[in-house]
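What follows is the content of structure26.cif, which has mmCIF, C-alpha atoms:
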```
data_start
#
loop_
_atom_site.label_atom_id
_atom_site.label_comp_id
_atom_site.auth_asym_id
_atom_site.auth_seq_id
_atom_site.Cartn_x
_atom_site.Cartn_y
_atom_site.Cartn_z
CA MET A 1 -42.86 -45.12 62.40
CA LYS A 2 -44.72 -43.64 59.42
CA THR A 3 -42.94 -40.32 59.92
CA TYR A 4 -39.55 -42.05 59.85
CA LYS A 5 -40.43 -43.85 56.58
CA SER A 6 -41.60 -40.58 54.99
CA VAL A 7 -38.33 -38.91 55.89
CA VAL A 8 -36.35 -41.79 54.41
CA VAL A 9 -38.35 -41.68 51.15
CA LEU A 10 -38.01 -37.88 50.88
CA GLY A 11 -34.27 -38.15 51.49
CA ALA A 12 -33.89 -40.76 48.79
CA VAL A 13 -35.82 -38.65 46.29
CA LEU A 14 -33.65 -35.61 47.01
CA LEU A 15 -30.48 -37.70 46.83
CA PHE A 16 -31.25 -39.11 43.39
CA SER A 17 -32.71 -35.89 41.98
CA ALA A 18 -29.83 -33.65 43.10
CA PRO A 19 -27.44 -34.62 40.27
CA PHE A 20 -30.24 -34.10 37.74
CA LEU A 21 -31.05 -30.63 39.10
CA HIS A 22 -27.38 -29.71 39.14
CA ALA A 23 -27.01 -30.84 35.53
CA GLN A 24 -29.90 -28.59 34.54
CA ASP A 25 -28.30 -25.59 36.27
CA THR A 26 -24.89 -26.07 34.59
CA VAL A 27 -25.77 -26.27 30.91
CA THR A 28 -22.59 -26.19 28.82
CA PRO A 29 -22.68 -23.44 26.19
CA GLN A 30 -22.34 -24.51 22.58
CA ALA A 31 -19.14 -23.73 20.70
CA ILE A 32 -19.55 -20.88 18.22
CA SER A 33 -17.73 -20.64 14.91
CA LEU A 34 -16.21 -17.57 13.29
CA LYS A 35 -18.98 -17.36 10.69
CA GLU A 36 -21.60 -17.52 13.42
CA MET A 37 -19.82 -14.64 15.17
CA TRP A 38 -19.93 -12.64 11.93
CA ASN A 39 -23.66 -13.32 11.56
CA ALA A 40 -24.30 -12.27 15.15
CA ALA A 41 -22.30 -9.06 14.63
CA GLU A 42 -24.30 -8.15 11.52
CA MET A 43 -27.45 -8.31 13.62
CA ASN A 44 -26.32 -6.81 16.93
CA ASN A 45 -23.02 -4.93 16.57
CA ARG A 46 -23.49 -1.33 17.74
CA VAL A 47 -21.18 0.15 15.10
CA LEU A 48 -23.08 -1.59 12.30
CA ASN A 49 -26.42 -0.58 13.81
CA LEU A 50 -25.24 3.03 13.85
CA SER A 51 -24.15 2.73 10.20
CA ASP A 52 -27.61 1.43 9.29
CA LEU A 53 -29.18 4.44 11.00
CA TYR A 54 -26.92 6.76 9.01
CA LEU A 55 -28.03 4.97 5.83
CA GLN A 56 -31.69 5.39 6.74
CA GLN A 57 -31.02 9.08 7.35
CA SER A 58 -29.47 9.39 3.87
CA LYS A 59 -32.53 7.75 2.28
CA LEU A 60 -34.79 10.27 4.02
CA GLU A 61 -32.58 13.14 2.88
CA VAL A 62 -33.16 12.03 -0.73
CA LEU A 63 -36.91 12.08 -0.16
CA GLU A 64 -36.62 15.52 1.44
CA ALA A 65 -34.74 16.78 -1.63
CA LYS A 66 -37.49 15.45 -3.89
CA ASP A 67 -40.11 17.13 -1.70
CA ARG A 68 -38.54 20.48 -2.53
CA GLN A 69 -39.76 20.04 -6.12
CA LEU A 70 -43.39 20.09 -4.99
CA PRO A 71 -45.29 23.38 -5.29
CA GLU A 72 -45.51 25.67 -2.28
CA PHE A 73 -49.13 26.03 -1.24
CA SER A 74 -50.41 27.84 1.82
CA LEU A 75 -53.67 29.04 3.32
CA GLY A 76 -53.77 32.11 5.51
CA GLY A 77 -56.05 34.45 7.31
CA ASP A 78 -55.92 37.43 9.63
CA LEU A 79 -58.08 39.47 12.00
CA LYS A 80 -57.13 43.09 12.65
CA LEU A 81 -58.14 46.40 14.22
CA ASN A 82 -58.00 49.37 11.85
CA SER A 83 -56.96 52.86 12.89
CA ARG A 84 -58.55 56.00 11.51
CA PHE A 85 -58.01 56.32 7.76
CA LEU A 86 -56.56 59.83 7.26
CA ILE A 87 -55.68 61.27 3.86
CA TYR A 88 -53.45 64.37 3.75
CA SER A 89 -54.48 65.86 0.44
CA ASP A 90 -52.59 69.17 0.96
CA GLY A 91 -49.52 67.88 2.77
CA LEU A 92 -48.59 66.38 6.11
CA PHE A 93 -49.22 69.56 8.10
CA SER A 94 -52.62 70.25 6.57
CA SER A 95 -55.94 69.12 7.95
CA PRO A 96 -56.48 65.52 6.87
CA GLN A 97 -59.58 64.05 5.35
CA ASP A 98 -61.06 61.33 7.54
CA VAL A 99 -62.23 58.50 5.33
CA PRO A 100 -64.81 56.36 7.09
CA VAL A 101 -63.73 52.72 7.36
CA LYS A 102 -64.65 49.94 9.70
CA SER A 103 -62.71 49.79 12.96
CA TYR A 104 -61.92 46.11 12.40
CA GLY A 105 -61.09 43.90 9.46
CA TYR A 106 -60.33 40.34 8.42
CA GLY A 107 -59.02 38.41 5.46
CA ALA A 108 -58.49 34.87 4.14
CA GLY A 109 -56.90 33.39 1.04
CA TYR A 110 -54.30 31.14 -0.52
CA SER A 111 -50.87 31.40 -2.10
CA LEU A 112 -49.38 28.99 -4.65
CA ASN A 113 -45.83 29.00 -6.01
CA PHE A 114 -44.50 26.35 -8.38
CA ASN A 115 -40.88 26.34 -9.55
CA LEU A 116 -40.69 25.84 -13.30
CA PHE A 117 -36.97 26.39 -13.76
CA ASN A 118 -34.20 27.16 -11.33
CA GLY A 119 -31.09 26.42 -13.34
CA GLY A 120 -31.50 22.73 -12.51
CA LYS A 121 -30.50 23.36 -8.86
CA GLU A 122 -33.25 21.19 -7.37
CA ARG A 123 -32.59 18.33 -9.79
CA ILE A 124 -28.83 18.49 -9.13
CA HIS A 125 -29.50 18.68 -5.40
CA ILE A 126 -31.46 15.42 -5.62
CA LYS A 127 -28.61 13.74 -7.50
CA MET A 128 -26.13 14.94 -4.87
CA LYS A 129 -28.26 13.46 -2.08
CA GLN A 130 -28.59 10.21 -4.03
CA GLU A 131 -24.81 10.11 -4.41
CA GLU A 132 -24.45 10.67 -0.66
CA GLU A 133 -26.82 7.75 -0.08
CA THR A 134 -24.75 5.56 -2.42
CA ARG A 135 -21.59 6.52 -0.59
CA ARG A 136 -23.24 5.70 2.72
CA GLN A 137 -24.04 2.22 1.39
CA TYR A 138 -20.36 1.73 0.60
CA GLU A 139 -19.50 2.94 4.10
CA VAL A 140 -21.84 0.31 5.56
CA GLN A 141 -20.07 -2.37 3.50
CA GLN A 142 -16.70 -1.09 4.67
CA GLN A 143 -17.84 -1.09 8.30
CA LYS A 144 -18.99 -4.71 7.94
CA ASN A 145 -15.57 -5.66 6.54
CA ASN A 146 -13.83 -3.87 9.40
CA VAL A 147 -16.01 -5.46 12.08
CA LYS A 148 -15.56 -8.91 10.55
CA TYR A 149 -11.80 -8.46 10.44
CA ASN A 150 -11.69 -7.21 14.04
CA ILE A 151 -13.69 -10.26 15.11
CA ALA A 152 -11.28 -12.50 13.19
CA VAL A 153 -8.30 -10.90 14.95
CA GLU A 154 -9.84 -11.49 18.38
CA TYR A 155 -11.03 -14.98 17.40
CA PHE A 156 -7.59 -16.18 16.28
CA ASP A 157 -5.93 -14.56 19.29
CA LEU A 158 -8.30 -16.58 21.45
CA TYR A 159 -7.56 -19.63 19.29
CA LYS A 160 -3.83 -19.12 19.88
CA PHE A 161 -4.11 -18.51 23.63
CA LEU A 162 -6.27 -21.60 24.12
CA TYR A 163 -3.52 -23.68 22.52
CA PHE A 164 -0.92 -21.93 24.68
CA ARG A 165 -2.97 -22.86 27.74
CA ASP A 166 -3.01 -26.51 26.68
CA PHE A 167 0.74 -26.46 26.12
CA LEU A 168 1.37 -24.90 29.54
CA ASN A 169 -0.96 -27.34 31.32
CA ALA A 170 0.82 -30.25 29.67
CA GLU A 171 4.21 -28.73 30.51
CA ILE A 172 3.20 -28.16 34.14
CA ALA A 173 2.02 -31.77 34.45
CA ALA A 174 5.27 -33.05 32.95
CA GLU A 175 7.32 -30.72 35.15
CA ASN A 176 5.54 -31.94 38.28
CA LYS A 177 6.53 -35.49 37.40
CA GLN A 178 10.06 -34.40 36.66
CA LEU A 179 10.24 -32.53 39.99
CA SER A 180 9.18 -35.69 41.81
CA LEU A 181 11.87 -37.64 39.98
CA ILE A 182 14.56 -35.06 40.78
CA GLN A 183 13.49 -34.98 44.42
CA SER A 184 13.90 -38.77 44.55
CA LEU A 185 17.32 -38.51 42.92
CA HIS A 186 18.28 -35.84 45.46
CA GLN A 187 17.18 -38.01 48.36
CA ASN A 188 19.38 -40.77 46.99
CA GLY A 189 22.28 -38.35 46.66
CA VAL A 190 22.39 -38.50 42.88
CA VAL A 191 21.71 -34.80 42.19
CA LEU A 192 22.23 -31.58 44.14
CA LYS A 193 19.63 -29.57 46.05
CA SER A 194 20.07 -26.76 43.50
CA ASP A 195 18.50 -28.99 40.84
CA VAL A 196 15.37 -29.32 42.95
CA LEU A 197 15.23 -25.57 43.48
CA ARG A 198 15.76 -24.75 39.83
CA THR A 199 13.01 -27.14 38.79
CA SER A 200 10.69 -25.62 41.40
CA VAL A 201 11.46 -22.13 40.10
CA LYS A 202 10.67 -23.19 36.55
CA LEU A 203 7.40 -24.77 37.71
CA SER A 204 6.40 -21.56 39.47
CA GLN A 205 7.18 -19.55 36.34
CA LEU A 206 5.07 -21.88 34.22
CA LYS A 207 2.13 -21.42 36.60
CA LEU A 208 2.57 -17.66 36.44
CA ASN A 209 2.57 -17.79 32.63
CA LEU A 210 -0.56 -19.93 32.73
CA SER A 211 -2.28 -17.36 34.94
CA ASP A 212 -1.37 -14.62 32.47
CA ILE A 213 -2.74 -16.67 29.55
CA GLU A 214 -6.00 -17.30 31.45
CA LYS A 215 -6.50 -13.58 31.89
CA LYS A 216 -5.82 -12.90 28.21
CA ILE A 217 -8.37 -15.56 27.28
CA GLU A 218 -11.02 -13.85 29.39
CA ILE A 219 -10.23 -10.47 27.79
CA LYS A 220 -10.52 -11.93 24.28
CA LYS A 221 -13.86 -13.54 25.13
CA GLN A 222 -15.15 -10.26 26.50
CA ARG A 223 -14.06 -8.36 23.39
CA LEU A 224 -15.70 -10.92 21.11
CA ASN A 225 -18.94 -10.63 23.07
CA VAL A 226 -18.85 -6.85 22.69
CA LEU A 227 -18.22 -7.10 18.94
CA MET A 228 -21.15 -9.51 18.61
CA GLY A 229 -23.40 -7.21 20.62
CA ARG A 230 -23.79 -9.73 23.43
CA SER A 231 -23.45 -9.38 27.18
CA GLN A 232 -19.78 -9.03 28.13
CA GLU A 233 -19.98 -11.79 30.72
CA GLN A 234 -21.85 -14.27 28.52
CA PRO A 235 -20.05 -17.64 28.30
CA LEU A 236 -18.18 -18.18 25.04
CA LEU A 237 -16.62 -21.31 23.64
CA ILE A 238 -14.87 -22.01 20.34
CA ASP A 239 -13.92 -25.39 18.91
CA TYR A 240 -10.29 -24.43 18.41
CA LYS A 241 -9.04 -28.00 18.04
CA ASN A 242 -11.31 -28.66 15.05
CA SER A 243 -11.19 -25.22 13.45
CA HIS A 244 -11.52 -25.13 9.67
CA GLU A 245 -12.42 -21.46 9.36
CA THR A 246 -10.25 -20.59 6.36
CA GLU A 247 -10.05 -23.87 4.47
CA ASN A 248 -12.77 -22.85 1.99
CA ILE A 249 -11.05 -19.54 1.18
CA GLN A 250 -9.60 -19.57 -2.31
CA ASP A 251 -6.01 -18.31 -2.34
CA ASN A 252 -5.08 -15.81 -5.05
CA ASP A 253 -1.96 -14.05 -6.25
CA TYR A 254 -1.10 -10.41 -5.69
CA GLU A 255 -2.46 -9.27 -9.06
CA GLY A 256 -5.70 -11.15 -8.42
CA TYR A 257 -6.24 -9.51 -5.04
CA LEU A 258 -5.36 -6.09 -6.48
CA HIS A 259 -7.77 -6.52 -9.39
CA THR A 260 -10.52 -7.55 -6.98
CA ALA A 261 -9.85 -4.54 -4.78
CA LEU A 262 -9.95 -2.09 -7.70
CA ASN A 263 -13.34 -3.43 -8.79
CA GLN A 264 -15.06 -4.36 -5.53
CA SER A 265 -13.41 -2.51 -2.66
CA PRO A 266 -15.87 -0.17 -0.86
CA GLU A 267 -12.98 2.24 -0.27
CA PHE A 268 -12.45 2.69 -4.02
CA LYS A 269 -16.18 2.97 -4.60
CA MET A 270 -16.38 5.68 -1.94
CA ALA A 271 -13.56 7.55 -3.66
CA ASP A 272 -15.39 7.35 -7.02
CA SER A 273 -18.56 8.52 -5.31
CA ASP A 274 -16.72 11.52 -3.87
CA ILE A 275 -15.51 12.44 -7.37
CA GLU A 276 -19.04 12.19 -8.74
CA TRP A 277 -20.38 14.35 -5.91
CA SER A 278 -17.71 17.02 -6.45
CA GLU A 279 -18.58 17.21 -10.15
CA LEU A 280 -22.25 17.66 -9.28
CA ASN A 281 -21.19 20.38 -6.85
CA ILE A 282 -19.56 22.28 -9.74
CA ARG A 283 -22.78 22.09 -11.74
CA GLN A 284 -24.76 23.20 -8.71
CA THR A 285 -22.54 26.25 -8.23
CA LYS A 286 -22.82 27.23 -11.91
CA ALA A 287 -26.61 26.91 -11.75
CA ALA A 288 -26.74 30.00 -9.52
CA ARG A 289 -25.99 32.11 -12.61
CA LEU A 290 -29.15 31.02 -14.44
CA PRO A 291 -32.57 32.67 -14.14
CA LYS A 292 -35.38 31.40 -11.93
CA ILE A 293 -38.86 30.97 -13.45
CA SER A 294 -41.89 30.16 -11.34
CA LEU A 295 -45.66 29.99 -11.66
CA TYR A 296 -47.56 31.77 -8.94
CA SER A 297 -51.18 32.24 -7.97
CA THR A 298 -52.82 34.11 -5.07
CA TYR A 299 -56.38 34.92 -4.11
CA ASN A 300 -57.64 36.68 -0.96
CA TYR A 301 -60.94 37.77 0.49
CA THR A 302 -60.59 40.99 2.53
CA TYR A 303 -62.92 43.10 4.61
CA PRO A 304 -63.07 46.08 4.34
CA GLN A 305 -61.60 47.11 0.98
CA ILE A 306 -59.02 49.76 1.83
CA SER A 307 -56.27 48.85 -0.63
CA PHE A 308 -57.62 50.54 -3.74
CA TYR A 309 -59.58 53.72 -4.39
CA PRO A 310 -62.53 54.13 -4.14
CA TYR A 311 -62.59 52.51 -0.72
CA SER A 312 -65.45 50.37 0.44
CA ASN A 313 -66.69 48.79 3.63
CA ASP A 314 -67.84 45.73 1.72
CA LEU A 315 -66.17 42.29 1.49
CA TRP A 316 -64.04 42.02 -1.62
CA GLY A 317 -61.91 39.40 -3.34
CA PHE A 318 -58.87 39.81 -5.51
CA GLY A 319 -56.29 37.39 -6.96
CA GLN A 320 -53.43 37.09 -9.43
CA THR A 321 -52.01 34.26 -11.51
CA GLY A 322 -48.91 34.53 -13.62
CA ILE A 323 -45.31 33.60 -14.35
CA LYS A 324 -42.47 35.31 -12.51
CA VAL A 325 -38.92 35.52 -13.82
CA GLN A 326 -35.96 36.46 -11.63
CA PHE A 327 -32.38 36.88 -12.73
CA SER A 328 -29.68 37.80 -10.22
CA ILE A 329 -27.15 39.95 -12.00
CA ASP A 330 -24.82 39.92 -8.99
CA ASN A 331 -24.43 36.12 -9.24
CA LEU A 332 -22.59 36.56 -12.53
CA TYR A 333 -19.58 37.90 -10.66
CA LYS A 334 -20.24 36.60 -7.12
CA SER A 335 -20.24 32.96 -8.24
CA LYS A 336 -16.87 33.23 -9.99
CA HIS A 337 -14.85 32.29 -6.92
CA SER A 338 -17.43 29.71 -5.80
CA VAL A 339 -17.07 27.86 -9.09
CA ALA A 340 -13.27 28.02 -8.85
CA ARG A 341 -13.40 26.60 -5.31
CA ALA A 342 -15.72 23.79 -6.44
CA ARG A 343 -13.24 22.88 -9.17
CA ILE A 344 -10.39 22.83 -6.66
CA ILE A 345 -12.44 20.48 -4.45
CA ASN A 346 -12.98 18.23 -7.47
CA SER A 347 -9.23 18.13 -8.17
CA GLU A 348 -8.51 17.39 -4.50
CA THR A 349 -11.00 14.51 -4.58
CA LYS A 350 -9.33 12.98 -7.63
CA GLU A 351 -5.93 13.22 -5.96
CA LYS A 352 -7.30 11.55 -2.84
CA ALA A 353 -8.67 8.73 -4.99
CA GLY A 354 -5.21 8.23 -6.50
CA ILE A 355 -3.61 8.25 -3.04
CA LYS A 356 -6.15 5.68 -1.83
CA LYS A 357 -5.36 3.45 -4.80
CA ASP A 358 -1.65 3.56 -3.97
CA GLU A 359 -2.34 2.86 -0.27
CA VAL A 360 -4.52 -0.17 -0.99
CA SER A 361 -1.98 -1.51 -3.48
CA LEU A 362 0.75 -1.28 -0.84
CA GLN A 363 -1.49 -2.84 1.82
CA ILE A 364 -2.29 -5.80 -0.41
CA LYS A 365 1.39 -6.23 -1.32
CA GLU A 366 2.38 -6.09 2.36
CA ALA A 367 -0.36 -8.52 3.44
CA TYR A 368 0.49 -10.89 0.59
CA LEU A 369 4.18 -10.96 1.51
CA GLN A 370 3.32 -11.44 5.18
CA GLN A 371 1.13 -14.38 4.16
CA GLU A 372 4.04 -15.96 2.31
CA GLN A 373 6.30 -15.32 5.32
CA ALA A 374 3.75 -16.98 7.61
CA LEU A 375 3.68 -20.07 5.41
CA GLU A 376 7.48 -20.25 5.54
CA SER A 377 7.34 -19.78 9.32
CA VAL A 378 5.03 -22.77 9.62
CA LYS A 379 7.50 -25.01 7.81
CA THR A 380 10.40 -23.71 9.88
CA ALA A 381 8.47 -24.17 13.14
CA GLU A 382 7.53 -27.74 12.23
CA GLU A 383 11.18 -28.55 11.53
CA ASN A 384 12.25 -26.89 14.80
CA ILE A 385 9.77 -28.99 16.79
CA LEU A 386 11.24 -32.18 15.35
CA LYS A 387 14.77 -31.01 16.17
CA THR A 388 14.00 -29.73 19.68
CA THR A 389 12.02 -32.88 20.51
CA GLU A 390 14.95 -35.08 19.61
CA THR A 391 17.37 -32.74 21.43
CA LEU A 392 15.23 -32.89 24.58
CA ARG A 393 15.10 -36.69 24.45
CA VAL A 394 18.87 -36.94 24.20
CA ILE A 395 19.57 -34.40 26.97
CA ARG A 396 16.98 -35.94 29.31
CA ASN A 397 18.61 -39.37 28.96
CA SER A 398 22.07 -37.93 29.46
CA TYR A 399 20.91 -35.97 32.53
CA LEU A 400 19.50 -39.10 34.13
CA HIS A 401 22.90 -40.71 33.55
CA GLN A 402 24.67 -37.63 34.97
CA GLU A 403 26.21 -36.79 31.60
CA SER A 404 24.66 -33.32 31.30
CA LEU A 405 23.55 -30.49 33.56
CA LEU A 406 20.01 -29.63 34.65
CA THR A 407 20.48 -26.24 33.00
CA ASP A 408 20.84 -27.96 29.63
CA LEU A 409 17.67 -29.97 30.29
CA LEU A 410 15.63 -26.92 31.28
CA GLU A 411 16.86 -24.99 28.24
CA ALA A 412 15.89 -27.88 25.96
CA GLU A 413 12.42 -28.03 27.52
CA ASN A 414 11.97 -24.28 27.10
CA ALA A 415 13.15 -24.51 23.49
CA LEU A 416 10.55 -27.18 22.72
CA LEU A 417 7.78 -25.18 24.41
CA GLU A 418 8.80 -22.07 22.49
CA ALA A 419 8.84 -24.04 19.23
CA ARG A 420 5.27 -25.17 19.88
CA PHE A 421 4.26 -21.56 20.60
CA ASN A 422 5.93 -20.44 17.38
CA LEU A 423 4.18 -23.09 15.30
CA THR A 424 0.76 -22.15 16.67
CA THR A 425 1.48 -18.45 16.11
CA ALA A 426 2.59 -19.10 12.53
CA GLN A 427 -0.50 -21.22 11.80
CA THR A 428 -2.68 -18.48 13.26
CA ASN A 429 -0.95 -15.85 11.12
CA VAL A 430 -1.64 -17.93 8.01
CA LYS A 431 -5.36 -18.15 8.81
CA LEU A 432 -5.63 -14.47 9.73
CA GLY A 433 -3.52 -13.39 6.73
CA ARG A 434 -6.05 -14.83 4.29
CA ILE A 435 -8.84 -12.96 6.00
CA ARG A 436 -6.83 -9.74 6.01
CA LEU A 437 -6.31 -9.95 2.25
CA LEU A 438 -10.04 -10.39 1.74
CA ALA A 439 -10.75 -7.45 4.07
CA ILE A 440 -8.38 -5.15 2.18
CA ALA A 441 -9.84 -6.26 -1.14
CA GLY A 442 -13.30 -5.47 0.25
CA ILE A 443 -14.88 -8.91 -0.21
CA LEU A 444 -14.78 -10.30 3.33
#
```

Could you write out this structure as structure tokens?
Amino acid sequence: MKTYKSVVVLGAVLLFSAPFLHAQDTVTPQAISLKEMWNAAEMNNRVLNLSDLYLQQSKLEVLEAKDRQLPEFSLGGDLKLNSRFLIYSDGLFSSPQDVPVKSYGYGAGYSLNFNLFNGGKERIHIKMKQEEETRRQYEVQQQKNNVKYNIAVEYFDLYKFLYFRDFLNAEIAAENKQLSLIQSLHQNGVVLKSDVLRTSVKLSQLKLNLSDIEKKIEIKKQRLNVLMGRSQEQPLLIDYKNSHETENIQDNDYEGYLHTALNQSPEFKMADSDIEWSELNIRQTKAARLPKISLYSTYNYTYPQISFYPYSNDLWGFGQTGIKVQFSIDNLYKSKHSVARARIINSETKEKAGIKKDEVSLQIKEAYLQQEQALESVKTAEENILKTTETLRVIRNSYLHQESLLTDLLEAENALLEARFNLTTAQTNVKLGRIRLLAIAGIL
């Protein structure tokens, strides 16, 4: 009897706790906004992480260039076996004089070399590396703009497809009801069998379209996860019905966007940086014609002394300190073509900057006109929905009274569904168009 009661109590506990356990296992993921996606991408996107590594590399290259200004200092030593020391006083084929020296030897000392002047090559080299670092910073900014824009494209595609899915689900539900009504009318001999078949075909097509939309939604979610640096299969939700992603974006005119781009666009700043680097490269090439002045100092202890006469088997020390001047005469004519090539590179860089300015101006003009077209499309789509809704109402009533064909009714339904698709697409283009203008201007 006690065993039976225990089983009953245990069963009751499991029965009431099961829904709670199931609720814990199926936690609904929180909806994520576009700005939150951008923040996640800045932290975890692989492309941006790679850009940061390139920037760190550029910073280290600047430090390496500065290290080259430090004096060269080295310590050295050697241990050696000496051969017989033979002096041929009367020629190579005469009997040599055998000078007694130790059969082994060793030495130790230091060498110091400090560059005093090198035509400014080291200083210019540092400036060139600093300019490369600056350009890399602009590249990082540009990469962030590109990643943000790519996320926005995928986000608003997902936004659009989620609305399409809602429209199709609503259309399928309405078509199921309409199919039931037409089947009843057919059973009563009011409509033909072909009407039932045509409605069934349309319902099947709607379900096929819904399946296609579902797959596109999954692809967009996967791409967004990749751009955010998350697991590809991680659940993703967006609050597309209450999206206000671009409402706080201040609209501007074409001249305003162009002025912003010319002053803040990373692409223009990279072009200016390239011009600055090419001008430094000209100075660097010319510096090869100038003399090199350095301070040097050496001191060595050697055993035995066999470098100078009279020779000795004692330990000896000898050093030198002085200033050395080198001037390469050949660089006066060898560098002629190098300087000419550096100037050509500078001219090419300036032309590329002008081309980039024209390209960005055209891109802003194109995006601005597309934005205006999208706004006009929204108005047109809203008007079309009102017209197609009223048309569908009239045709549906006339069909039920056998005053119009089923083909007219299905065409009116398709026209209304297409008008809803067009309105959502136009609204999405307006939102994305604002972001594209900011991306081109370099302030996204």

**Message:** With distances taken over all atoms listed in the file, which residue among A:Ser211, A:Gln363, A:Thr389, A:Gln305 lies nearest Asn414 (chain A)?
**Reply:**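 Of the candidates, the smallest distance to Asn414 (chain A) is held by A:Thr389.
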
**Prompt:** What do you get, as a ChimeraX atom specification, if you spell out every residue that the PyMOL selection byres ((chain A and resi 332) around 12) selects here?
**Reply:** /A:285-291,327-331,333-339

Those residues with C-alpha atoms, as a PDB file, in the coordinates of the input please?
```
ATOM      1  CA  THR A 285     -22.540  26.250  -8.230  1.00  0.00           C
ATOM      2  CA  LYS A 286     -22.820  27.230 -11.910  1.00  0.00           C
ATOM      3  CA  ALA A 287     -26.610  26.910 -11.750  1.00  0.00           C
ATOM      4  CA  ALA A 288     -26.740  30.000  -9.520  1.00  0.00           C
ATOM      5  CA  ARG A 289     -25.990  32.110 -12.610  1.00  0.00           C
ATOM      6  CA  LEU A 290     -29.150  31.020 -14.440  1.00  0.00           C
ATOM      7  CA  PRO A 291     -32.570  32.670 -14.140  1.00  0.00           C
ATOM      8  CA  PHE A 327     -32.380  36.880 -12.730  1.00  0.00           C
ATOM      9  CA  SER A 328     -29.680  37.800 -10.220  1.00  0.00           C
ATOM     10  CA  ILE A 329     -27.150  39.950 -12.000  1.00  0.00           C
ATOM     11  CA  ASP A 330     -24.820  39.920  -8.990  1.00  0.00           C
ATOM     12  CA  ASN A 331     -24.430  36.120  -9.240  1.00  0.00           C
ATOM     13  CA  TYR A 333     -19.580  37.900 -10.660  1.00  0.00           C
ATOM     14  CA  LYS A 334     -20.240  36.600  -7.120  1.00  0.00           C
ATOM     15  CA  SER A 335     -20.240  32.960  -8.240  1.00  0.00           C
ATOM     16  CA  LYS A 336     -16.870  33.230  -9.990  1.00  0.00           C
ATOM     17  CA  HIS A 337     -14.850  32.290  -6.920  1.00  0.00           C
ATOM     18  CA  SER A 338     -17.430  29.710  -5.800  1.00  0.00           C
ATOM     19  CA  VAL A 339     -17.070  27.860  -9.090  1.00  0.00           C
TER      20      VAL A 339
END
```

**Message:** From (-22.0, -27.0, 18.4), in the file's coordinates, out to 10 Å: which residues are reached, counting only C-alpha atoms? Answer as a VMD selection string.
**Reply:** chain A and resid 29 to 33 237 to 239

**Request:** Take CA of Ile323 (chain A) and CA of Gly109 (chain A) and report the distance between them in Å, one decimal.
**Result:**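 Computing the Euclidean distance for CA of Ile323 (chain A) and CA of Gly109 (chain A) yields 19.3 Å.
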
**Between CA of Met128 (chain A) and CA of Leu280 (chain A), distance in Å (one decimal)** =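 Here the two named atoms are 6.5 Å from each other.
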
**Asked** If we count all atoms listed in the file, what is near region 212-229 of chain A at a cut-off of 7 Å, once residues fewer than 6 positions away on the same chain are taken out, given as a PyMOL selection string?
**Response** chain A and resi 37+40-41+44-46+151+154+158+161+165+236

**Request:** Run the PyMOL selection byres ((chain A and resi 118-125) around 12) mentally over the shown coordinates, then write out the matched residues as a PyMOL selection string, using the chain letters and numbers from the document.
**Result:** chain A and resi 61-70+114-117+126-132+276-295+324-328

**Request:** Between CA of Ala381 (chain A) and CA of Ser200 (chain A), measure the distance and give it in Å to one decimal.
**Result:**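 One can read the CA of Ala381 (chain A) to CA of Ser200 (chain A) distance as 28.4 Å.
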
**All residues 12 Å or closer to Leu81 (chain A), all atoms listed in the file, same chain fewer than 5 positions away omitted, as a PyMOL selection string** = chain A and resi 101-107+303-304

**Message:** Applying 7 Å and only C-alpha atoms, which residues near Tyr299 (chain A) remain after dropping the ones on its own chain fewer than 4 positions away? List them as a PyMOL selection string.
**Reply:** chain A and resi 109-111+318-320

**Message:** So that I can check the surroundings of Ile435 (chain A), please list as a PyMOL selection string every protein, DNA and RNA residue that reaches within 8 Å of it, counting all atoms listed in the file and ignoring chain neighbours fewer than 4 positions away.
**Reply:** chain A and resi 149+152+246+431+439+444

**Shell around Thr425 (chain A) at 9 Å using all atoms listed in the file, local window under 6 positions removed, as a list in words** =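 Skipping anything fewer than 6 positions along the chain leaves Asp157, Lys160, Ala374 and Val378 of chain A.
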
**Prompt:** Restricting the calculation to all atoms listed in the file, which member of A:Lys241, A:Arg434, A:Lys202, A:Lys352 is positioned closest to Val153 (chain A)?
**Reply:**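 Of the candidates, the smallest distance to Val153 (chain A) is held by A:Arg434.
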
**Request:** Please write as number ranges by chain the list of polymer residues whose atoms come within 9 Å of (-18.6, 1.6, -0.3), counting all atoms listed in the file and keeping to the coordinates of the file.
**Result:** A: 134-142, 264-271, 273, 442

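Distance check against Ser312 (chain A) using only C-alpha atoms: of A:Val99, A:Ala412, A:Val430, A:Ala108, the minimum falls on A:Val99.
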